[in-house]
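Novice: mmCIF, C-alpha atoms, saved as upload-v8.cif, coming up:
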```cif
data_upload
loop_
_atom_site.label_atom_id
_atom_site.label_comp_id
_atom_site.auth_asym_id
_atom_site.auth_seq_id
_atom_site.Cartn_x
_atom_site.Cartn_y
_atom_site.Cartn_z
CA MET V 17 0.00 0.00 0.00
CA ARG V 18 1.16 3.54 -0.76
CA HIS V 19 1.50 5.96 2.15
CA PRO V 20 -1.97 6.96 3.33
CA THR V 21 -2.88 10.63 3.10
CA GLU V 22 -3.42 12.64 6.27
CA ALA V 23 -7.13 12.66 5.45
CA GLN V 24 -7.16 8.87 5.40
CA LEU V 25 -5.31 8.75 8.71
CA VAL V 26 -7.88 11.06 10.29
CA LEU V 27 -10.71 8.90 8.97
CA ALA V 28 -8.97 5.82 10.34
CA LEU V 29 -8.45 7.51 13.70
CA ASP V 30 -12.15 8.36 13.84
CA ARG V 31 -13.15 4.83 12.77
CA GLU V 32 -14.89 6.21 9.73
CA LEU V 33 -13.27 3.81 7.25
CA ASP V 34 -14.71 0.48 6.25
CA GLN V 35 -13.14 -2.64 7.69
CA HIS V 36 -11.02 -3.38 4.64
CA GLU V 37 -9.50 0.11 4.37
CA ALA V 38 -8.92 0.26 8.12
CA ALA V 39 -7.06 -3.07 8.02
CA GLU V 40 -4.88 -1.85 5.14
CA ILE V 41 -3.88 1.28 7.01
CA ALA V 42 -3.23 -0.66 10.21
CA ALA V 43 -0.92 -2.99 8.31
CA HIS V 44 0.88 -0.05 6.71
CA LEU V 45 1.38 1.66 10.07
CA GLU V 46 2.99 -1.51 11.39
CA ALA V 47 5.58 -1.32 8.65
CA CYS V 48 6.10 2.44 8.14
CA GLY V 49 7.73 4.49 10.89
CA ALA V 50 7.09 7.83 9.19
CA CYS V 51 3.35 7.24 8.90
CA ARG V 52 3.28 5.85 12.43
CA GLY V 53 4.84 9.09 13.65
CA GLN V 54 2.21 11.13 11.82
CA TRP V 55 -0.50 8.87 13.24
CA GLU V 56 0.81 9.34 16.78
CA GLN V 57 0.82 13.13 16.34
CA LEU V 58 -2.79 13.11 15.16
CA LYS V 59 -3.79 10.81 17.98
CA THR V 60 -2.08 12.97 20.62
CA LEU V 61 -3.65 16.13 19.23
CA SER V 62 -7.09 14.49 19.19
CA GLU V 63 -6.67 13.38 22.78
CA GLU V 64 -5.63 16.89 23.80
CA ILE V 65 -8.74 18.30 22.12
CA VAL V 66 -10.94 15.82 23.97
CA GLU V 67 -9.20 16.69 27.24
CA TYR V 68 -9.59 20.39 26.59
CA HIS V 69 -13.25 19.95 25.69
CA HIS V 70 -13.98 17.96 28.84
CA GLY V 71 -12.01 20.47 30.88
CA LEU V 72 -14.57 23.09 29.93
CA ARG V 73 -16.98 21.26 32.19
CA GLY V 74 -14.40 20.51 34.87
CA ASN V 75 -13.51 24.18 35.28
CA ARG V 76 -16.82 25.06 36.80
CA SER V 77 -17.22 26.30 40.31
CA VAL V 78 -19.05 24.35 43.01
CA LYS V 79 -21.76 26.97 42.97
CA SER V 80 -22.47 26.57 39.30
CA VAL V 81 -22.36 22.77 39.55
CA ALA V 82 -24.98 22.84 42.30
CA ARG V 83 -27.06 25.24 40.26
CA VAL V 84 -27.04 22.77 37.40
CA LEU V 85 -27.21 19.49 39.27
CA LEU V 86 -30.25 20.05 41.44
CA PRO V 87 -32.64 21.13 38.67
CA ALA V 88 -31.28 18.28 36.59
CA LEU V 89 -32.16 15.84 39.35
CA ALA V 90 -35.67 17.23 39.41
CA ILE V 91 -36.10 16.81 35.68
CA ALA V 92 -34.63 13.31 35.82
CA ALA V 93 -37.10 12.41 38.52
CA LEU V 94 -39.95 13.88 36.52
CA LEU V 95 -39.00 11.85 33.47
CA LEU V 96 -38.79 8.70 35.55
CA VAL V 97 -42.20 9.35 37.06
CA ALA V 98 -43.57 9.74 33.56
CA LEU V 99 -41.87 6.50 32.61
CA PHE V 100 -43.36 4.55 35.48
CA VAL V 101 -46.91 5.75 35.38
CA ARG V 102 -47.37 5.01 31.68
CA ARG V 103 -47.11 1.41 30.58
CA PRO V 104 -47.20 0.32 26.93
CA ASN V 105 -50.55 -1.45 27.32
CA GLY V 106 -52.14 1.66 28.75
CA THR V 107 -52.95 0.12 32.12
CA SER V 108 -52.95 2.22 35.20
CA PRO V 109 -50.14 0.99 37.40
CA VAL V 110 -49.84 1.62 41.09
CA PRO V 111 -46.51 3.32 41.71
CA ARG V 112 -44.27 1.64 44.23
CA GLN V 113 -43.93 3.79 47.25
CA VAL V 114 -41.16 4.32 49.72
CA ALA V 115 -42.28 4.51 53.30
CA ALA V 116 -40.28 7.51 54.35
CA ARG V 117 -40.60 9.77 57.29
CA PRO V 118 -37.39 11.72 57.24
CA THR V 119 -36.97 14.65 59.51
CA VAL V 120 -36.18 17.75 57.57
CA GLU V 121 -35.91 21.46 57.75
CA SER V 122 -37.17 22.95 54.59
CA GLN V 123 -38.54 26.16 53.28
CA ILE V 124 -40.23 27.17 50.11
CA VAL V 125 -38.80 29.86 47.94
CA PRO V 126 -41.22 31.43 45.51
CA ALA V 127 -40.16 30.83 41.94
CA VAL V 128 -40.29 34.13 40.15
CA SER V 129 -38.36 33.56 36.97
CA ARG V 130 -36.24 31.13 35.04
CA PRO V 131 -34.30 28.95 35.66
CA ALA V 132 -37.54 27.07 35.65
CA VAL V 133 -36.65 24.69 38.42
CA GLN V 134 -35.54 26.20 41.65
CA GLN V 135 -34.43 24.36 44.69
CA VAL V 136 -34.03 24.82 48.35
CA GLY V 137 -32.97 22.01 50.58
CA ARG V 138 -31.16 21.18 53.74
CA ARG V 139 -29.44 18.02 54.80
CA ALA V 140 -31.68 15.83 56.93
CA ARG V 141 -30.49 15.69 60.50
CA ARG V 142 -31.06 13.18 63.22
CA ARG V 143 -31.50 15.74 65.95
CA PRO V 144 -35.04 16.87 66.75
CA ALA V 145 -36.01 19.28 64.04
CA ALA V 146 -38.14 22.34 63.96
CA VAL V 147 -40.30 21.00 61.17
CA GLU V 148 -41.23 17.42 60.63
CA ALA V 149 -42.05 16.30 57.16
CA GLU V 150 -45.55 15.25 56.24
CA PRO V 151 -46.02 11.52 56.63
CA ALA V 152 -46.60 11.37 52.90
CA THR V 153 -45.05 8.65 50.82
CA PHE V 154 -42.51 9.13 48.08
CA ILE V 155 -42.79 7.51 44.68
CA GLU V 156 -39.70 5.39 44.38
CA LEU V 157 -37.11 6.23 41.74
CA PRO V 158 -34.47 3.71 40.75
CA PHE V 159 -31.40 5.95 40.70
CA SER V 160 -30.23 5.57 44.27
CA ASP V 161 -29.36 2.47 46.26
CA SER V 162 -32.47 1.55 48.24
CA ALA V 163 -30.30 -0.03 50.94
CA LEU V 164 -28.89 3.34 51.98
CA PRO V 165 -30.32 4.71 55.22
CA LEU V 166 -33.09 7.25 54.75
CA THR V 167 -31.99 9.22 57.76
CA ASP V 168 -29.00 10.50 55.80
CA ALA V 169 -31.03 11.50 52.77
CA THR V 170 -31.63 15.05 51.72
CA ILE V 171 -34.98 16.46 50.75
CA VAL V 172 -34.89 19.13 48.10
CA ARG V 173 -38.01 21.11 47.38
CA VAL V 174 -38.35 22.19 43.79
CA ALA V 175 -40.90 24.32 42.01
CA MET V 176 -41.72 23.40 38.44
CA PRO V 177 -43.77 25.47 36.00
CA VAL V 178 -47.03 23.77 35.08
CA GLU V 179 -46.29 24.44 31.39
CA ASP V 180 -43.06 22.45 31.57
CA LEU V 181 -44.84 19.56 33.26
CA ARG V 182 -47.45 19.58 30.52
CA LEU V 183 -44.71 19.65 27.89
CA ALA V 184 -43.21 16.62 29.60
CA GLY V 185 -46.47 14.78 29.02
CA LEU V 186 -48.24 15.31 32.33
CA THR V 187 -51.74 16.69 32.38
CA VAL V 188 -52.14 18.86 35.43
CA ASP V 189 -55.74 19.52 36.37
CA GLY V 190 -56.93 22.70 38.00
CA ARG V 191 -53.77 24.74 37.58
CA GLN V 192 -53.51 28.03 35.74
CA PRO V 193 -50.79 28.57 33.13
CA GLY V 194 -47.86 30.30 34.77
CA SER V 195 -48.40 28.65 38.12
CA MET V 196 -45.84 26.41 39.73
CA LEU V 197 -46.17 22.91 41.08
CA GLN V 198 -43.99 21.94 43.98
CA ALA V 199 -42.38 18.61 44.62
CA ASP V 200 -40.01 17.12 47.16
CA LEU V 201 -37.06 15.14 45.83
CA LEU V 202 -35.57 12.63 48.21
CA VAL V 203 -31.88 12.52 47.37
CA GLY V 204 -29.82 9.65 48.76
CA ILE V 205 -26.41 10.17 50.34
CA ASP V 206 -24.93 9.07 47.02
CA GLY V 207 -26.40 12.24 45.53
CA LEU V 208 -28.94 10.43 43.38
CA PRO V 209 -32.71 10.90 43.49
CA ARG V 210 -34.42 8.17 45.44
CA GLY V 211 -37.99 9.28 45.49
CA ILE V 212 -40.32 12.08 44.59
CA ARG V 213 -43.57 13.37 45.99
CA PHE V 214 -45.65 16.20 44.68
CA VAL V 215 -47.02 18.61 47.20
CA GLN V 216 -49.99 20.89 47.03
CA GLN V 217 -50.37 24.02 49.09
CA MET G 2 -56.15 7.52 30.56
CA PRO G 3 -54.12 6.42 33.59
CA ARG G 4 -54.17 8.70 36.56
CA LEU G 5 -51.63 9.19 39.24
CA VAL G 6 -52.89 10.38 42.59
CA MET G 7 -50.32 12.72 43.96
CA ALA G 8 -49.10 13.04 47.49
CA THR G 9 -50.78 15.96 49.13
CA HIS G 10 -49.56 18.61 51.49
CA GLY G 11 -52.67 20.47 52.44
CA GLY G 12 -55.51 17.97 52.40
CA SER G 13 -56.85 18.18 48.87
CA GLU G 14 -55.59 15.84 46.21
CA LEU G 15 -54.10 16.79 42.91
CA GLU G 16 -54.44 14.33 40.11
CA LEU G 17 -52.11 14.01 37.18
CA SER G 18 -52.65 11.97 34.10
CA ILE G 19 -50.04 11.01 31.56
CA ALA G 20 -50.25 11.77 27.86
CA PRO G 21 -49.63 8.93 25.41
CA VAL G 22 -46.03 8.32 24.54
CA THR G 23 -44.25 6.11 22.09
CA ASP G 24 -41.29 5.14 24.16
CA ARG G 25 -40.66 6.72 27.53
CA HIS G 26 -37.75 4.40 28.10
CA ASN G 27 -35.81 6.12 25.30
CA LEU G 28 -36.47 9.43 26.95
CA ALA G 29 -35.18 8.50 30.39
CA GLU G 30 -32.23 6.65 28.91
CA ALA G 31 -31.30 9.53 26.64
CA PHE G 32 -31.54 11.99 29.51
CA THR G 33 -29.29 9.91 31.73
CA GLU G 34 -26.68 9.33 29.05
CA LEU G 35 -26.68 12.63 27.22
CA ARG G 36 -27.48 15.37 29.73
CA GLU G 37 -23.83 15.86 30.65
CA PRO G 38 -22.38 15.65 27.10
CA VAL G 39 -25.01 18.05 25.75
CA CYS G 40 -24.34 20.47 28.59
CA ARG G 41 -20.59 20.26 27.94
CA TYR G 42 -21.12 20.93 24.24
CA LEU G 43 -23.25 23.97 25.05
CA LEU G 44 -20.54 25.31 27.33
CA ALA G 45 -18.05 24.77 24.50
CA LEU G 46 -20.32 26.89 22.30
CA GLY G 47 -19.91 29.70 24.78
CA LEU G 48 -23.07 29.45 26.85
CA ARG G 49 -22.88 30.19 30.54
CA PRO G 50 -23.65 27.29 32.91
CA ALA G 51 -27.14 28.54 33.77
CA GLU G 52 -27.95 29.13 30.10
CA ALA G 53 -26.59 25.72 29.17
CA GLU G 54 -28.72 24.02 31.80
CA GLU G 55 -31.80 25.85 30.60
CA VAL G 56 -31.12 24.76 27.03
CA VAL G 57 -30.60 21.17 28.19
CA GLN G 58 -33.99 21.19 29.91
CA GLU G 59 -35.67 22.69 26.87
CA THR G 60 -33.98 20.13 24.62
CA PHE G 61 -35.27 17.19 26.62
CA LEU G 62 -38.74 18.63 26.87
CA ARG G 63 -38.71 18.85 23.07
CA LEU G 64 -37.46 15.29 22.93
CA CYS G 65 -40.47 14.29 24.99
CA GLN G 66 -42.75 15.97 22.44
CA HIS G 67 -40.79 14.40 19.61
CA LEU G 68 -41.29 10.92 21.04
CA ASP G 69 -44.94 11.59 21.78
CA SER G 70 -45.54 12.61 18.18
CA GLN G 71 -43.80 9.42 17.07
CA GLY G 72 -40.96 11.28 15.39
CA PRO G 73 -38.06 9.30 13.92
CA GLN G 74 -35.83 7.67 16.53
CA ASP G 75 -33.07 6.23 14.37
CA ASN G 76 -30.54 8.96 15.24
CA LEU G 77 -31.74 10.30 18.56
CA ARG G 78 -28.28 11.37 19.70
CA GLY G 79 -27.83 13.47 16.57
CA TRP G 80 -31.37 14.83 16.97
CA ILE G 81 -30.77 15.87 20.58
CA PHE G 82 -27.48 17.61 19.81
CA ARG G 83 -29.06 19.35 16.81
CA VAL G 84 -31.91 20.75 18.90
CA ALA G 85 -29.46 21.85 21.60
CA HIS G 86 -27.21 23.39 18.95
CA ASN G 87 -30.09 25.39 17.45
CA LEU G 88 -31.30 26.52 20.86
CA ALA G 89 -27.76 27.65 21.67
CA ARG G 90 -27.74 29.76 18.52
CA ASP G 91 -31.04 31.31 19.60
CA GLU G 92 -29.51 32.00 23.00
CA HIS G 93 -26.51 33.72 21.39
CA ARG G 94 -28.85 35.89 19.31
CA ARG G 95 -30.88 36.73 22.41
CA ARG G 96 -27.72 37.60 24.32
CA LYS G 97 -26.58 39.97 21.57
CA ARG G 98 -29.77 41.94 22.03
CA GLN G 99 -29.21 42.26 25.77
CA PRO G 100 -26.46 43.99 27.73
CA SER G 101 -23.70 41.60 28.68
CA GLU G 102 -23.59 40.07 32.14
CA PRO G 103 -20.43 39.25 34.06
CA LEU G 104 -19.15 35.76 33.37
CA ASP G 105 -19.22 33.17 36.13
CA GLU G 106 -15.47 32.83 36.58
CA SER G 107 -14.36 29.32 37.27
CA ALA G 108 -11.73 27.75 39.43
CA SER G 109 -8.49 26.37 38.06
CA SER G 110 -8.44 22.75 36.93
CA ALA G 111 -4.71 22.31 37.46
CA ASP G 112 -3.57 18.84 38.46
CA PRO G 113 -2.73 19.02 42.18
CA GLN G 114 -0.16 16.19 41.79
CA ALA G 115 1.92 18.00 39.15
CA THR G 116 5.06 19.96 39.94
CA PRO G 117 4.92 23.71 39.35
CA GLU G 118 7.00 23.28 36.19
CA GLN G 119 4.74 20.51 34.85
CA SER G 120 1.68 22.55 35.69
CA PHE G 121 3.12 25.54 33.89
CA ILE G 122 3.98 23.56 30.75
CA ALA G 123 0.63 21.75 30.69
CA GLY G 124 -1.23 24.97 31.36
CA GLU G 125 0.70 26.76 28.65
CA ARG G 126 -0.08 24.05 26.08
CA THR G 127 -3.75 24.00 27.08
CA ARG G 128 -3.88 27.78 26.77
CA ARG G 129 -2.29 27.63 23.30
CA LEU G 130 -4.70 24.90 22.24
CA GLY G 131 -7.66 26.91 23.50
CA GLU G 132 -6.49 29.98 21.60
CA ALA G 133 -5.85 27.99 18.44
CA LEU G 134 -9.29 26.38 18.69
CA ALA G 135 -10.89 29.77 19.14
CA ARG G 136 -9.26 30.99 15.92
CA LEU G 137 -10.79 28.17 13.86
CA PRO G 138 -13.94 28.89 11.86
CA ALA G 139 -17.06 28.29 13.98
CA HIS G 140 -18.17 25.21 12.04
CA GLN G 141 -14.76 23.57 12.51
CA GLN G 142 -14.84 24.30 16.25
CA GLU G 143 -18.33 22.83 16.50
CA CYS G 144 -17.17 19.76 14.60
CA LEU G 145 -14.28 19.17 16.97
CA HIS G 146 -16.41 19.63 20.08
CA LEU G 147 -19.01 17.18 18.80
CA ARG G 148 -16.25 14.77 17.82
CA ALA G 149 -14.81 15.11 21.34
CA GLU G 150 -18.21 13.97 22.63
CA GLY G 151 -17.84 10.81 20.57
CA LEU G 152 -20.33 11.65 17.83
CA ARG G 153 -19.80 9.89 14.51
CA TYR G 154 -19.53 11.92 11.33
CA ARG G 155 -23.11 11.12 10.30
CA GLU G 156 -24.33 12.43 13.67
CA ILE G 157 -22.20 15.57 13.39
CA ALA G 158 -23.60 16.05 9.90
CA GLU G 159 -27.12 15.82 11.33
CA VAL G 160 -26.36 18.39 14.04
CA LEU G 161 -24.70 20.91 11.73
CA GLY G 162 -26.91 20.30 8.72
CA ALA G 163 -23.99 19.39 6.50
CA GLY G 164 -22.98 16.38 4.44
CA ILE G 165 -20.84 13.61 5.90
CA SER G 166 -17.99 14.28 3.46
CA THR G 167 -18.11 17.96 4.38
CA VAL G 168 -17.80 17.07 8.04
CA ALA G 169 -14.78 14.90 7.21
CA GLU G 170 -13.18 17.85 5.41
CA TRP G 171 -13.86 20.20 8.31
CA VAL G 172 -12.32 17.79 10.80
CA GLN G 173 -9.27 17.25 8.61
CA ASP G 174 -8.77 20.97 7.98
CA ALA G 175 -9.18 21.76 11.66
CA LEU G 176 -6.65 19.12 12.72
CA LYS G 177 -4.20 20.28 10.08
CA THR G 178 -4.42 23.87 11.29
CA LEU G 179 -4.15 22.92 14.94
CA GLY G 180 -1.28 20.54 14.23
CA LYS G 181 0.71 23.39 12.67
CA GLU G 182 -0.07 25.80 15.48
CA MET G 183 0.76 23.37 18.27
CA ARG G 184 4.18 22.35 16.93
#
```
What does the file become when written as structure tokens?
Specialist:
Amino acid sequence: MRHPTEAQLVLALDRELDQHEAAEIAAHLEACGACRGQWEQLKTLSEEIVEYHHGLRGNRSVKSVARVLLPALAIAALLLVALFVRRPNGTSPVPRQVAARPTVESQIVPAVSRPAVQQVGRRARRRPAAVEAEPATFIELPFSDSALPLTDATIVRVAMPVEDLRLAGLTVDGRQPGSMLQADLLVGIDGLPRGIRFVQQ
Amino acid sequence: MPRLVMATHGGSELELSIAPVTDRHNLAEAFTELREPVCRYLLALGLRPAEAEEVVQETFLRLCQHLDSQGPQDNLRGWIFRVAHNLARDEHRRRKRQPSEPLDESASSADPQATPEQSFIAGERTRRLGEALARLPAHQQECLHLRAEGLRYREIAEVLGAGISTVAEWVQDALKTLGKEMR
């Protein structure tokens, strides 16, 4: 085989060649030091670009990570609820429920503008708390390990715009457009959502 | 239509019912797998973290609608990145019409194990790479960021609305330019 062009090397690097062409280039690289050197340079540069690209995410402050993570958890939970309550055959399943009575301190912050999902939460504590959660049950979500103790979980209260819930496929009765629906996310000590309950004021 | 009786806080019950969907499993799976890569791509396009997160949410809500309307699902990853890409462009246009806000400055990502000299050299090379990337034409930058997320050329083509051979040319040109600048 003649020396592959740089374009062919890039295609090979990105696994965009068919099996036959890829095998030919691999065989050539085994035998040709000059092409192997060029290949290594392309590979190193590609790896540096990937590293740089991923570093864009890694460079974020704790504050901005929290700002992103908590609403994301809420949306993930919402999607999972939607997944569980709708079965392919259209039957009406009974959601599994987690018997939870964690002690929490929580407060509700009025959601006034986007970002659409806002959160306020405090780590659950074992000491006697000022406010005890409602003895309501959470709908179980499969993200977190159910063996983890509930006493170390965190409850995060989120407010979601009714429009976004409707866009996600939920039909919310008796709520005006522009209003918010509140929900409690039970987040396990592994940081993953373990349950969700919707609350009405 | 199935109904879900919600937990209540103040005595009265709120009932939710779920609209028909084609495949909710795809939705949850896509969200779990792609939320972070899409967010990273949006940050690479220059969105601020809060803006990127908002676009991610909007993207997945649109995916929900897409699945409900039984839209094509053969290239969902490309579809999701394309929607996010277009929303990011809208966000850039919106930002141009508004006064600029201060950027959320981030902490350093330097390797704590490296010696000061290693840190300096690595940091210097990263800085040069960042500058060289920023000088590339926008479509080449977008190509490389999507490629860094592991998208295949056909998926990149779907996101950027270009042909597969064009994407291959953009990647090759971008690598050639960067290779020269990083020597």
Novice: Between V:Leu197, V:Gly207, V:Glu22, V:Arg182, single out the one closest to V:Ala50, counting all atoms listed in the file.
Specialist: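 Of V:Leu197, V:Gly207, V:Glu22, V:Arg182, the one nearest V:Ala50 is V:Glu22, counting all atoms listed in the file.
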Novice: Find, counting all atoms listed in the file, the residue in V:Glu46, V:Glu40, V:Glu32, V:Glu56 that gets nearest to chain G.
Specialist: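 Smallest separation from chain G among the options: V:Glu32.
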Novice: One number please: atom CA of V:Leu157 to atom CA of G:Leu77, in Å, one decimal.
Specialist: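 Atom CA of G:Leu77 lies 24.1 Å from atom CA of V:Leu157.
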Novice: Assuming the chain letters and numbering stay as they are in my file, what does the PyMOL selection byres ((chain G and resi 44-60) around 7) actually select? List them as number ranges by chain.
Specialist: V: 69, 72, 80, 84, 131; G: 36, 39-43, 61-64, 81, 84-85, 88-89, 146
Novice: Rounded to one decimal, what separation in Å do you get between atom CA of G:Cys65 and atom CA of G:Glu34?
Specialist: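 Result for atom CA of G:Cys65 versus atom CA of G:Glu34: 15.2 Å, one decimal.
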Novice: Looking at all atoms listed in the file, which of V:Arg173, V:Arg52, V:His70, V:His36 is the one that sits closest to chain G?
Specialist: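 Using all atoms listed in the file, the shortest distance to chain G belongs to V:His70.
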Novice: Nearest to chain V among G:Ala149, G:Leu35, G:Val168, G:Val160, with distances taken over only C-alpha atoms: which residue is it?
Specialist: G:Ala149
Novice: In Å, rounded to a single decimal, give me how far atom CA of G:Ala175 is from atom CA of G:Arg128.
Specialist: 17.1 Å
Novice: Please evaluate the PyMOL selection byres ((chain G and resi 132-143) around 10) against the structure above and give the resulting residues as a PDB file with C-alpha atoms, in the frame of the given file.
Specialist:
```pdb
ATOM      1  CA  ILE V  65      -8.740  18.300  22.120  1.00  0.00           C
ATOM      2  CA  TYR V  68      -9.590  20.390  26.590  1.00  0.00           C
TER       3      TYR V  68
ATOM      4  CA  TYR G  42     -21.120  20.930  24.240  1.00  0.00           C
ATOM      5  CA  LEU G  43     -23.250  23.970  25.050  1.00  0.00           C
ATOM      6  CA  ALA G  45     -18.050  24.770  24.500  1.00  0.00           C
ATOM      7  CA  LEU G  46     -20.320  26.890  22.300  1.00  0.00           C
ATOM      8  CA  HIS G  86     -27.210  23.390  18.950  1.00  0.00           C
ATOM      9  CA  ARG G 126      -0.080  24.050  26.080  1.00  0.00           C
ATOM     10  CA  THR G 127      -3.750  24.000  27.080  1.00  0.00           C
ATOM     11  CA  ARG G 128      -3.880  27.780  26.770  1.00  0.00           C
ATOM     12  CA  ARG G 129      -2.290  27.630  23.300  1.00  0.00           C
ATOM     13  CA  LEU G 130      -4.700  24.900  22.240  1.00  0.00           C
ATOM     14  CA  GLY G 131      -7.660  26.910  23.500  1.00  0.00           C
ATOM     15  CA  CYS G 144     -17.170  19.760  14.600  1.00  0.00           C
ATOM     16  CA  LEU G 145     -14.280  19.170  16.970  1.00  0.00           C
ATOM     17  CA  HIS G 146     -16.410  19.630  20.080  1.00  0.00           C
ATOM     18  CA  LEU G 147     -19.010  17.180  18.800  1.00  0.00           C
ATOM     19  CA  ARG G 148     -16.250  14.770  17.820  1.00  0.00           C
ATOM     20  CA  ALA G 149     -14.810  15.110  21.340  1.00  0.00           C
ATOM     21  CA  ILE G 157     -22.200  15.570  13.390  1.00  0.00           C
ATOM     22  CA  VAL G 160     -26.360  18.390  14.040  1.00  0.00           C
ATOM     23  CA  LEU G 161     -24.700  20.910  11.730  1.00  0.00           C
ATOM     24  CA  ALA G 163     -23.990  19.390   6.500  1.00  0.00           C
ATOM     25  CA  VAL G 168     -17.800  17.070   8.040  1.00  0.00           C
ATOM     26  CA  GLU G 170     -13.180  17.850   5.410  1.00  0.00           C
ATOM     27  CA  TRP G 171     -13.860  20.200   8.310  1.00  0.00           C
ATOM     28  CA  VAL G 172     -12.320  17.790  10.800  1.00  0.00           C
ATOM     29  CA  GLN G 173      -9.270  17.250   8.610  1.00  0.00           C
ATOM     30  CA  ASP G 174      -8.770  20.970   7.980  1.00  0.00           C
ATOM     31  CA  ALA G 175      -9.180  21.760  11.660  1.00  0.00           C
ATOM     32  CA  LEU G 176      -6.650  19.120  12.720  1.00  0.00           C
ATOM     33  CA  THR G 178      -4.420  23.870  11.290  1.00  0.00           C
ATOM     34  CA  LEU G 179      -4.150  22.920  14.940  1.00  0.00           C
ATOM     35  CA  GLY G 180      -1.280  20.540  14.230  1.00  0.00           C
ATOM     36  CA  LYS G 181       0.710  23.390  12.670  1.00  0.00           C
ATOM     37  CA  GLU G 182      -0.070  25.800  15.480  1.00  0.00           C
ATOM     38  CA  MET G 183       0.760  23.370  18.270  1.00  0.00           C
TER      39      MET G 183
END
```
Novice: Find, counting all atoms listed in the file, the residue in V:Leu45, V:Ile205, V:Ala175, V:Val215 that gets nearest to chain G.
Specialist: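 Checking each of V:Leu45, V:Ile205, V:Ala175, V:Val215 against chain G, counting all atoms listed in the file, the winner is V:Val215.
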Novice: Using all atoms listed in the file, can you tell me which of G:Arg90, G:Arg96, G:His67, G:Arg78 comes closest to chain V?
Specialist: G:His67
Novice: If you apply the PyMOL selection byres ((chain V and resi 55) around 12) to this file, what residues do you get, as JSON, numbers by chain?
Specialist: {"V": [19, 20, 21, 22, 23, 24, 25, 26, 27, 28, 29, 30, 41, 42, 44, 45, 46, 48, 49, 50, 51, 52, 53, 54, 56, 57, 58, 59, 60, 61, 62], "G": [176, 180]}
Novice: Next, dump the selected residues to file, keeping only C-alpha atoms, as a compact mmCIF listing (two decimals), keeping the file's coordinate frame.
Specialist:
```txt
# COMPACT_ATOMS: atom_id res chain seq x y z
CA HIS V 19 1.50 5.96 2.15
CA PRO V 20 -1.97 6.96 3.33
CA THR V 21 -2.88 10.63 3.10
CA GLU V 22 -3.42 12.64 6.27
CA ALA V 23 -7.13 12.66 5.45
CA GLN V 24 -7.16 8.87 5.40
CA LEU V 25 -5.31 8.75 8.71
CA VAL V 26 -7.88 11.06 10.29
CA LEU V 27 -10.71 8.90 8.97
CA ALA V 28 -8.97 5.82 10.34
CA LEU V 29 -8.45 7.51 13.70
CA ASP V 30 -12.15 8.36 13.84
CA ILE V 41 -3.88 1.28 7.01
CA ALA V 42 -3.23 -0.66 10.21
CA HIS V 44 0.88 -0.05 6.71
CA LEU V 45 1.38 1.66 10.07
CA GLU V 46 2.99 -1.51 11.39
CA CYS V 48 6.10 2.44 8.14
CA GLY V 49 7.73 4.49 10.89
CA ALA V 50 7.09 7.83 9.19
CA CYS V 51 3.35 7.24 8.90
CA ARG V 52 3.28 5.85 12.43
CA GLY V 53 4.84 9.09 13.65
CA GLN V 54 2.21 11.13 11.82
CA GLU V 56 0.81 9.34 16.78
CA GLN V 57 0.82 13.13 16.34
CA LEU V 58 -2.79 13.11 15.16
CA LYS V 59 -3.79 10.81 17.98
CA THR V 60 -2.08 12.97 20.62
CA LEU V 61 -3.65 16.13 19.23
CA SER V 62 -7.09 14.49 19.19
CA LEU G 176 -6.65 19.12 12.72
CA GLY G 180 -1.28 20.54 14.23
```
